[in-house]
$ cat protein.cif   # mmCIF, C-alpha atoms and all ligand atoms
data_start
loop_
_atom_site.label_atom_id
_atom_site.label_comp_id
_atom_site.auth_asym_id
_atom_site.auth_seq_id
_atom_site.Cartn_x
_atom_site.Cartn_y
_atom_site.Cartn_z
CA MET A 1 125.62 74.32 -37.53
CA ASP A 2 122.74 76.85 -37.55
CA GLN A 3 120.21 76.47 -34.80
CA PRO A 4 119.85 72.65 -34.57
CA ILE A 5 116.33 71.27 -34.99
CA ILE A 6 117.05 68.84 -32.13
CA ARG A 7 119.42 69.70 -29.32
CA ILE A 8 120.12 67.14 -26.59
CA ARG A 9 122.23 67.96 -23.54
CA ASP A 10 123.38 65.57 -20.83
CA LEU A 11 120.39 63.30 -21.38
CA GLN A 12 119.93 60.63 -18.74
CA LYS A 13 117.42 57.82 -18.82
CA SER A 14 117.05 54.98 -16.35
CA PHE A 15 114.49 52.25 -15.97
CA GLY A 16 114.62 51.56 -12.24
CA ARG A 17 118.30 50.92 -11.53
CA LEU A 18 119.20 50.27 -15.15
CA THR A 19 120.87 53.28 -16.78
CA VAL A 20 120.02 53.19 -20.47
CA ILE A 21 121.14 56.65 -21.66
CA ASP A 22 124.14 58.03 -19.88
CA GLY A 23 124.87 61.69 -20.52
CA LEU A 24 124.03 62.02 -24.20
CA ASP A 25 124.88 65.26 -26.03
CA LEU A 26 123.68 65.53 -29.62
CA ASP A 27 122.83 68.31 -32.08
CA ILE A 28 120.89 67.43 -35.20
CA ALA A 29 120.68 69.91 -38.07
CA LYS A 30 117.47 70.60 -39.93
CA GLY A 31 117.25 68.22 -42.89
CA GLU A 32 119.97 65.93 -41.60
CA LYS A 33 119.63 62.16 -42.12
CA LEU A 34 121.03 60.23 -39.18
CA ALA A 35 121.50 56.49 -38.75
CA LEU A 36 121.79 55.10 -35.21
CA ILE A 37 123.60 51.77 -35.10
CA GLY A 38 124.93 49.62 -32.29
CA PRO A 39 124.36 46.44 -30.32
CA SER A 40 120.93 45.45 -29.08
CA GLY A 41 120.12 47.12 -25.78
CA SER A 42 122.43 50.11 -26.33
CA GLY A 43 119.55 52.60 -25.99
CA LYS A 44 118.84 53.51 -29.63
CA THR A 45 115.10 52.84 -29.54
CA THR A 46 114.79 54.56 -26.18
CA ILE A 47 116.17 57.76 -27.71
CA LEU A 48 113.53 57.71 -30.44
CA ARG A 49 110.78 56.95 -27.91
CA ILE A 50 111.93 59.84 -25.72
CA LEU A 51 111.87 62.23 -28.70
CA MET A 52 108.33 61.02 -29.42
CA THR A 53 107.53 61.68 -25.71
CA LEU A 54 106.55 58.02 -25.28
CA GLU A 55 109.09 57.90 -22.44
CA ASP A 56 109.97 60.62 -19.96
CA ILE A 57 113.57 61.46 -19.10
CA SER A 58 115.56 61.05 -15.91
CA GLY A 59 117.75 64.12 -16.44
CA GLY A 60 119.14 66.60 -18.94
CA ARG A 61 117.45 68.68 -21.55
CA ILE A 62 116.04 68.30 -25.04
CA GLU A 63 115.00 71.12 -27.37
CA VAL A 64 113.00 70.52 -30.52
CA CYS A 65 112.55 73.38 -33.00
CA GLY A 66 114.04 75.76 -30.43
CA GLU A 67 111.64 74.85 -27.60
CA PRO A 68 112.22 72.59 -24.59
CA LEU A 69 110.44 69.26 -25.09
CA PHE A 70 109.79 68.32 -21.48
CA HIS A 71 109.76 71.79 -19.95
CA MET A 72 107.90 74.99 -20.68
CA SER A 73 108.13 78.49 -19.41
CA ARG A 74 105.28 80.15 -17.61
CA ASN A 75 105.43 83.55 -15.99
CA GLY A 76 109.13 83.69 -16.74
CA THR A 77 109.98 80.46 -14.91
CA GLU A 78 110.52 76.95 -16.26
CA GLU A 79 108.29 74.12 -15.17
CA PRO A 80 107.57 70.55 -16.32
CA ALA A 81 105.58 70.35 -19.56
CA ASN A 82 101.83 69.86 -19.27
CA ASP A 83 99.75 67.75 -21.69
CA ALA A 84 98.94 70.71 -23.94
CA HIS A 85 102.65 71.51 -24.34
CA LEU A 86 103.54 67.86 -25.08
CA HIS A 87 100.71 67.63 -27.59
CA ARG A 88 101.95 70.74 -29.39
CA MET A 89 105.56 69.55 -29.42
CA ARG A 90 104.56 66.10 -30.72
CA ARG A 91 103.26 67.69 -33.88
CA HIS A 92 106.84 68.30 -34.99
CA ILE A 93 107.65 64.59 -34.97
CA GLY A 94 106.33 61.43 -36.65
CA MET A 95 107.41 57.88 -35.88
CA VAL A 96 107.27 54.58 -37.72
CA PHE A 97 107.58 51.44 -35.60
CA GLN A 98 108.94 47.98 -36.21
CA HIS A 99 105.43 46.50 -35.92
CA PHE A 100 103.34 48.75 -38.13
CA ASN A 101 100.57 49.31 -35.51
CA LEU A 102 97.87 49.97 -38.13
CA PHE A 103 94.25 50.12 -36.95
CA PRO A 104 92.98 46.69 -38.06
CA HIS A 105 89.33 47.68 -38.47
CA LYS A 106 89.95 50.79 -40.58
CA THR A 107 90.70 50.85 -44.29
CA VAL A 108 94.13 51.85 -45.51
CA LEU A 109 92.92 55.37 -46.36
CA GLN A 110 91.11 55.74 -43.01
CA ASN A 111 94.30 54.72 -41.21
CA ILE A 112 96.00 57.69 -42.85
CA THR A 113 93.23 60.28 -42.50
CA LEU A 114 92.09 59.59 -38.93
CA ALA A 115 94.72 61.61 -37.09
CA PRO A 116 94.74 64.68 -39.38
CA VAL A 117 90.94 64.96 -39.02
CA LEU A 118 90.83 64.25 -35.27
CA THR A 119 93.94 66.04 -34.06
CA GLN A 120 94.66 68.72 -36.65
CA GLY A 121 91.14 69.74 -37.64
CA ALA A 122 91.65 68.83 -41.31
CA THR A 123 88.46 68.53 -43.37
CA ARG A 124 87.56 65.03 -44.52
CA ALA A 125 88.01 66.11 -48.18
CA ASP A 126 91.47 67.60 -47.59
CA ALA A 127 92.58 64.63 -45.51
CA ASP A 128 91.34 62.20 -48.19
CA ARG A 129 93.08 64.11 -50.97
CA ARG A 130 96.36 64.24 -49.10
CA GLY A 131 95.98 60.61 -47.99
CA ARG A 132 95.59 59.49 -51.61
CA ASP A 133 98.62 61.54 -52.66
CA LEU A 134 100.67 59.88 -49.93
CA LEU A 135 99.46 56.43 -50.93
CA ASP A 136 100.53 57.24 -54.45
CA MET A 137 103.92 58.33 -53.15
CA VAL A 138 104.45 54.98 -51.36
CA GLY A 139 103.21 53.06 -54.41
CA LEU A 140 99.88 51.94 -52.96
CA ALA A 141 97.33 54.15 -54.73
CA ASP A 142 95.22 51.10 -55.59
CA LYS A 143 95.00 49.89 -51.98
CA ALA A 144 93.12 52.84 -50.43
CA ASP A 145 89.98 50.84 -49.69
CA HIS A 146 91.68 47.63 -48.62
CA MET A 147 91.86 46.48 -45.01
CA PRO A 148 95.33 46.12 -43.42
CA SER A 149 94.84 42.33 -43.18
CA GLN A 150 94.76 42.20 -47.00
CA LEU A 151 98.26 43.69 -47.28
CA SER A 152 101.74 42.17 -47.14
CA GLY A 153 104.10 43.27 -44.37
CA GLY A 154 105.99 45.56 -46.74
CA GLN A 155 102.74 47.18 -47.87
CA LYS A 156 101.60 47.64 -44.26
CA GLN A 157 104.86 49.33 -43.42
CA ARG A 158 104.50 51.67 -46.39
CA VAL A 159 101.00 52.58 -45.16
CA ALA A 160 102.49 53.26 -41.72
CA ILE A 161 105.01 55.61 -43.32
CA ALA A 162 102.23 57.40 -45.23
CA ARG A 163 100.23 57.68 -42.02
CA ALA A 164 103.10 59.34 -40.17
CA LEU A 165 103.69 61.72 -43.09
CA ALA A 166 100.02 62.74 -43.15
CA LEU A 167 100.61 64.80 -40.02
CA GLN A 168 103.29 66.75 -41.89
CA PRO A 169 106.01 66.43 -39.27
CA GLN A 170 109.35 68.16 -39.69
CA ILE A 171 111.15 65.22 -38.13
CA MET A 172 110.60 61.52 -38.86
CA LEU A 173 111.81 58.69 -36.65
CA PHE A 174 112.15 55.16 -38.03
CA ASP A 175 112.63 52.36 -35.52
CA GLU A 176 113.94 49.19 -37.18
CA VAL A 177 111.14 49.46 -39.70
CA THR A 178 112.31 46.48 -41.74
CA SER A 179 113.22 44.05 -38.92
CA ALA A 180 109.81 42.37 -38.84
CA LEU A 181 109.65 41.91 -42.63
CA ASP A 182 110.41 38.88 -44.75
CA PRO A 183 113.70 39.55 -46.56
CA GLU A 184 112.06 39.89 -49.98
CA LEU A 185 109.83 42.73 -48.68
CA VAL A 186 112.61 44.84 -47.19
CA GLU A 187 113.67 46.51 -50.41
CA GLU A 188 110.28 48.11 -51.22
CA VAL A 189 110.23 49.83 -47.81
CA LEU A 190 113.84 51.00 -48.07
CA GLU A 191 113.11 52.38 -51.53
CA VAL A 192 110.32 54.58 -50.11
CA MET A 193 112.61 55.84 -47.38
CA HIS A 194 115.36 56.55 -49.90
CA ARG A 195 112.94 58.59 -51.94
CA LEU A 196 111.84 60.55 -48.86
CA ALA A 197 115.45 61.23 -47.97
CA ARG A 198 116.28 62.42 -51.47
CA GLU A 199 113.16 64.40 -52.24
CA THR A 200 112.31 66.12 -48.95
CA ASP A 201 114.20 68.27 -46.49
CA MET A 202 112.70 66.39 -43.58
CA THR A 203 115.01 65.59 -40.71
CA MET A 204 115.19 61.80 -40.43
CA LEU A 205 116.52 59.56 -37.65
CA LEU A 206 116.79 55.91 -38.32
CA VAL A 207 117.59 52.97 -36.04
CA THR A 208 118.64 50.08 -38.23
CA HIS A 209 120.53 46.83 -38.57
CA GLU A 210 120.67 47.28 -42.36
CA MET A 211 124.22 48.58 -42.62
CA GLY A 212 124.14 48.90 -46.42
CA PHE A 213 121.06 51.07 -46.17
CA ALA A 214 122.51 53.14 -43.32
CA HIS A 215 125.55 53.76 -45.50
CA ASP A 216 123.56 54.95 -48.50
CA PHE A 217 120.90 56.86 -46.57
CA ALA A 218 122.67 58.74 -43.82
CA ASP A 219 124.65 61.97 -43.74
CA ARG A 220 125.96 60.92 -40.35
CA VAL A 221 126.18 57.57 -38.58
CA LEU A 222 126.22 57.32 -34.79
CA PHE A 223 127.56 54.16 -33.19
CA PHE A 224 126.03 53.59 -29.76
CA ASP A 225 127.12 51.29 -27.02
CA LYS A 226 125.83 51.19 -23.43
CA GLY A 227 123.86 54.41 -23.73
CA ARG A 228 126.68 56.52 -25.12
CA ILE A 229 127.86 57.59 -28.55
CA VAL A 230 131.15 55.75 -28.99
CA GLU A 231 131.88 57.13 -32.43
CA GLN A 232 130.17 59.20 -35.11
CA GLY A 233 130.94 60.49 -38.58
CA PRO A 234 130.08 60.29 -42.26
CA PRO A 235 129.10 56.76 -43.38
CA ASP A 236 132.29 56.20 -45.38
CA GLN A 237 134.39 56.92 -42.34
CA ILE A 238 132.37 54.79 -39.90
CA PHE A 239 131.96 51.81 -42.21
CA THR A 240 135.36 51.74 -43.87
CA ALA A 241 137.69 53.36 -41.36
CA PRO A 242 136.21 53.16 -37.85
CA GLN A 243 138.55 54.44 -35.16
CA GLU A 244 137.24 52.78 -32.02
CA ASP A 245 137.77 49.12 -31.17
CA ARG A 246 134.15 48.68 -30.12
CA THR A 247 132.92 49.99 -33.49
CA LYS A 248 135.33 47.73 -35.34
CA SER A 249 134.28 44.63 -33.47
CA PHE A 250 130.55 45.42 -33.86
CA LEU A 251 130.91 45.94 -37.61
CA ARG A 252 133.02 42.78 -38.00
CA LYS A 253 130.20 40.79 -36.42
CA ILE A 254 127.33 42.35 -38.31
CA ILE A 255 128.65 42.87 -41.85
P1 LIG A 301 118.26 49.23 -28.55
O1 LIG A 301 117.23 49.97 -29.33
O2 LIG A 301 119.64 49.80 -28.73
O3 LIG A 301 118.22 47.74 -28.78
P2 LIG A 301 116.62 49.90 -26.27
O4 LIG A 301 116.59 51.37 -26.24
O5 LIG A 301 115.44 49.16 -26.84
O6 LIG A 301 117.96 49.43 -27.00
O7 LIG A 301 116.84 49.33 -24.81
C1 LIG A 301 117.88 49.74 -23.97
C2 LIG A 301 117.77 49.03 -22.64
O8 LIG A 301 116.62 49.52 -21.94
C3 LIG A 301 117.58 47.52 -22.74
O9 LIG A 301 118.33 46.93 -21.71
C4 LIG A 301 116.10 47.32 -22.50
O10 LIG A 301 115.84 46.07 -21.94
C5 LIG A 301 115.79 48.45 -21.53
N1 LIG A 301 114.40 48.94 -21.59
C6 LIG A 301 113.80 49.51 -22.66
N2 LIG A 301 112.54 49.86 -22.39
C7 LIG A 301 112.31 49.48 -21.10
C8 LIG A 301 111.18 49.56 -20.22
N3 LIG A 301 110.03 50.13 -20.61
N4 LIG A 301 111.33 49.08 -18.98
C9 LIG A 301 112.49 48.53 -18.56
N5 LIG A 301 113.60 48.44 -19.33
C10 LIG A 301 113.51 48.89 -20.58
#

$ encode --input "protein.cif" --output "structure tokens"
Amino acid sequence: MDQPIIRIRDLQKSFGRLTVIDGLDLDIAKGEKLALIGPSGSGKTTILRILMTLEDISGGRIEVCGEPLFHMSRNGTEEPANDAHLHRMRRHIGMVFQHFNLFPHKTVLQNITLAPVLTQGATRADADRRGRDLLDMVGLADKADHMPSQLSGGQKQRVAIARALALQPQIMLFDEVTSALDPELVEEVLEVMHRLARETDMTMLLVTHEMGFAHDFADRVLFFDKGRIVEQGPPDQIFTAPQEDRTKSFLRKII
């Protein structure tokens, strides 16, 4: 692998006395599509939240785009990252959550343009143009002036994806983005993510319970249990010929 876009070494994360991530090592190549699967509580969401700097870490090291995420160097020595460093590093990464988290009192287009204007100094005209392009891309060009409350769950989630993309991140994180949707709305969201995976060279990490989608979407599947990677490999290998007993028993239950 060339220089990985994300490099994780001996990552530790505890909440009080509960160890959630226990010595994780992981390299992710630029453009790679990764699916994280495993039982509830195995630490998958925590990894995404750490990468998004929504959680701090208890030990280890993470580099994103060749730079330490939680440390920075000053005067030749390393020290904990300050807010300016975290803010700069966050620009590499976008995240879509299970519960869309749209701003309820802003229109669909305003939801998408707010952050580029406020945090990246985009002009209103540029942000609007790009916002409309993104809405077109997620199939919601005609909803720009609607309020979130007028949309279905699947439409809200597609707006949330467009909003994350508006900041032009190199890495996108998707945390169980279809779990809160009615079954008939899941497909339209997965279709947008498929298109993103096919048509962009964005690095994408996905936590999902949709095993069929993980199979079709991912270059590599990681099976987590108790804060560790138990097994990883190409989807065909993990889903049709898993090696580890824990992977086998998880897949038997879920598929
Ligand atoms: P997964 O995504 O695999 O279901 P999570 O990463 O959400 O797992 O959670 C891993 C463990 O960490 C769970 O036991 C969960 O209860 C715990 N946990 C997550 N966030 C917090 C928090 N903010 N405070 C305390 N415990 C937490």

$ residues_near_ligand --input "protein.cif" --ligand "ligand LIG 301 (chain A)" --cutoff "10 Å" --atoms "all atoms listed in the file" --output "NGL selection string"
:A and (13-21 or 36-50 or 54-55 or 175-176 or 207-208 or 224-227)

$ closest_residue --input "protein.cif" --among "A:Met172, A:Met52, A:Leu134, A:Met147" --to "Met89 of chain A" --atoms "only C-alpha atoms"
A:Met52

$ atom_distance --input "protein.cif" --atom1 "atom CA of Leu86 of chain A" --atom2 "atom CA of Thr113 of chain A"
21.6 Å

$ residues_around --input "protein.cif" --residues "Met204 of chain A" --least-positions-apart "3" --cutoff "9 Å" --atoms "only C-alpha atoms" --output "compact mmCIF listing (two decimals) with C-alpha atoms, keeping the file's coordinate frame"
# COMPACT_ATOMS: atom_id res chain seq x y z
CA GLY A 31 117.25 68.22 -42.89
CA GLU A 32 119.97 65.93 -41.60
CA LYS A 33 119.63 62.16 -42.12
CA LEU A 34 121.03 60.23 -39.18
CA ALA A 35 121.50 56.49 -38.75
CA GLN A 170 109.35 68.16 -39.69
CA ILE A 171 111.15 65.22 -38.13
CA MET A 172 110.60 61.52 -38.86
CA LEU A 173 111.81 58.69 -36.65
CA PHE A 174 112.15 55.16 -38.03
CA ALA A 197 115.45 61.23 -47.97
CA ASP A 201 114.20 68.27 -46.49
CA ALA A 218 122.67 58.74 -43.82

$ residues_around --input "protein.cif" --residues "Leu196 of chain A" --least-positions-apart "2" --cutoff "12 Å" --atoms "all atoms listed in the file" --output "list in words"
Gly31, Lys33, Leu134, Met137, Val138, Arg158, Ile161, Ala162, Leu165, Ile171, Met172, Val189, Leu190, Glu191, Val192, Met193, His194, Arg198, Glu199, Thr200, Asp201, Met202, Thr203, Met204 and Phe217 of chain A

$ residues_around --input "protein.cif" --residues "Gly23 of chain A" --least-positions-apart "4" --cutoff "8 Å" --atoms "only C-alpha atoms" --output "compact mmCIF listing (two decimals) with C-alpha atoms, in the frame of the given file"
# COMPACT_ATOMS: atom_id res chain seq x y z
CA ARG A 9 122.23 67.96 -23.54
CA ASP A 10 123.38 65.57 -20.83
CA LEU A 11 120.39 63.30 -21.38
CA GLN A 12 119.93 60.63 -18.74
CA GLY A 60 119.14 66.60 -18.94
CA ARG A 228 126.68 56.52 -25.12

$ closest_residue --input "protein.cif" --among "A:Leu167, A:His85, A:Gly76, A:Ser152" --to "Val117 of chain A" --atoms "only C-alpha atoms"
A:Leu167

$ residues_around --input "protein.cif" --residues "Ser149 of chain A" --least-positions-apart "5" --cutoff "12 Å" --atoms "all atoms listed in the file" --output "PDB file with C-alpha atoms, in the coordinates of the input"
ATOM      1  CA  PHE A 100     103.340  48.750 -38.130  1.00  0.00           C
ATOM      2  CA  ASN A 101     100.570  49.310 -35.510  1.00  0.00           C
ATOM      3  CA  LEU A 102      97.870  49.970 -38.130  1.00  0.00           C
ATOM      4  CA  PHE A 103      94.250  50.120 -36.950  1.00  0.00           C
ATOM      5  CA  PRO A 104      92.980  46.690 -38.060  1.00  0.00           C
ATOM      6  CA  HIS A 105      89.330  47.680 -38.470  1.00  0.00           C
ATOM      7  CA  LYS A 106      89.950  50.790 -40.580  1.00  0.00           C
ATOM      8  CA  THR A 107      90.700  50.850 -44.290  1.00  0.00           C
ATOM      9  CA  VAL A 108      94.130  51.850 -45.510  1.00  0.00           C
ATOM     10  CA  LYS A 143      95.000  49.890 -51.980  1.00  0.00           C
ATOM     11  CA  GLN A 155     102.740  47.180 -47.870  1.00  0.00           C
ATOM     12  CA  LYS A 156     101.600  47.640 -44.260  1.00  0.00           C
TER      13      LYS A 156
END

$ residues_around --input "protein.cif" --residues "Leu181 of chain A" --least-positions-apart "6" --cutoff "9 Å" --atoms "only C-alpha atoms" --output "ChimeraX atom specification"
/A:98,153-154,157

$ write_last_selection --input "protein.cif" --atoms "C-alpha atoms" --output "PDB file, keeping the file's coordinate frame"
ATOM      1  CA  GLN A  98     108.940  47.980 -36.210  1.00  0.00           C
ATOM      2  CA  GLY A 153     104.100  43.270 -44.370  1.00  0.00           C
ATOM      3  CA  GLY A 154     105.990  45.560 -46.740  1.00  0.00           C
ATOM      4  CA  GLN A 157     104.860  49.330 -43.420  1.00  0.00           C
TER       5      GLN A 157
END

$ atom_distance --input "protein.cif" --atom1 "atom CA of Arg130 of chain A" --atom2 "atom CA of Arg163 of chain A"
10.4 Å

$ closest_residue --input "protein.cif" --among "A:Leu118, A:Ala29, A:Leu51, A:Ile238" --to "Leu222 of chain A" --atoms "all atoms listed in the file"
A:Ile238
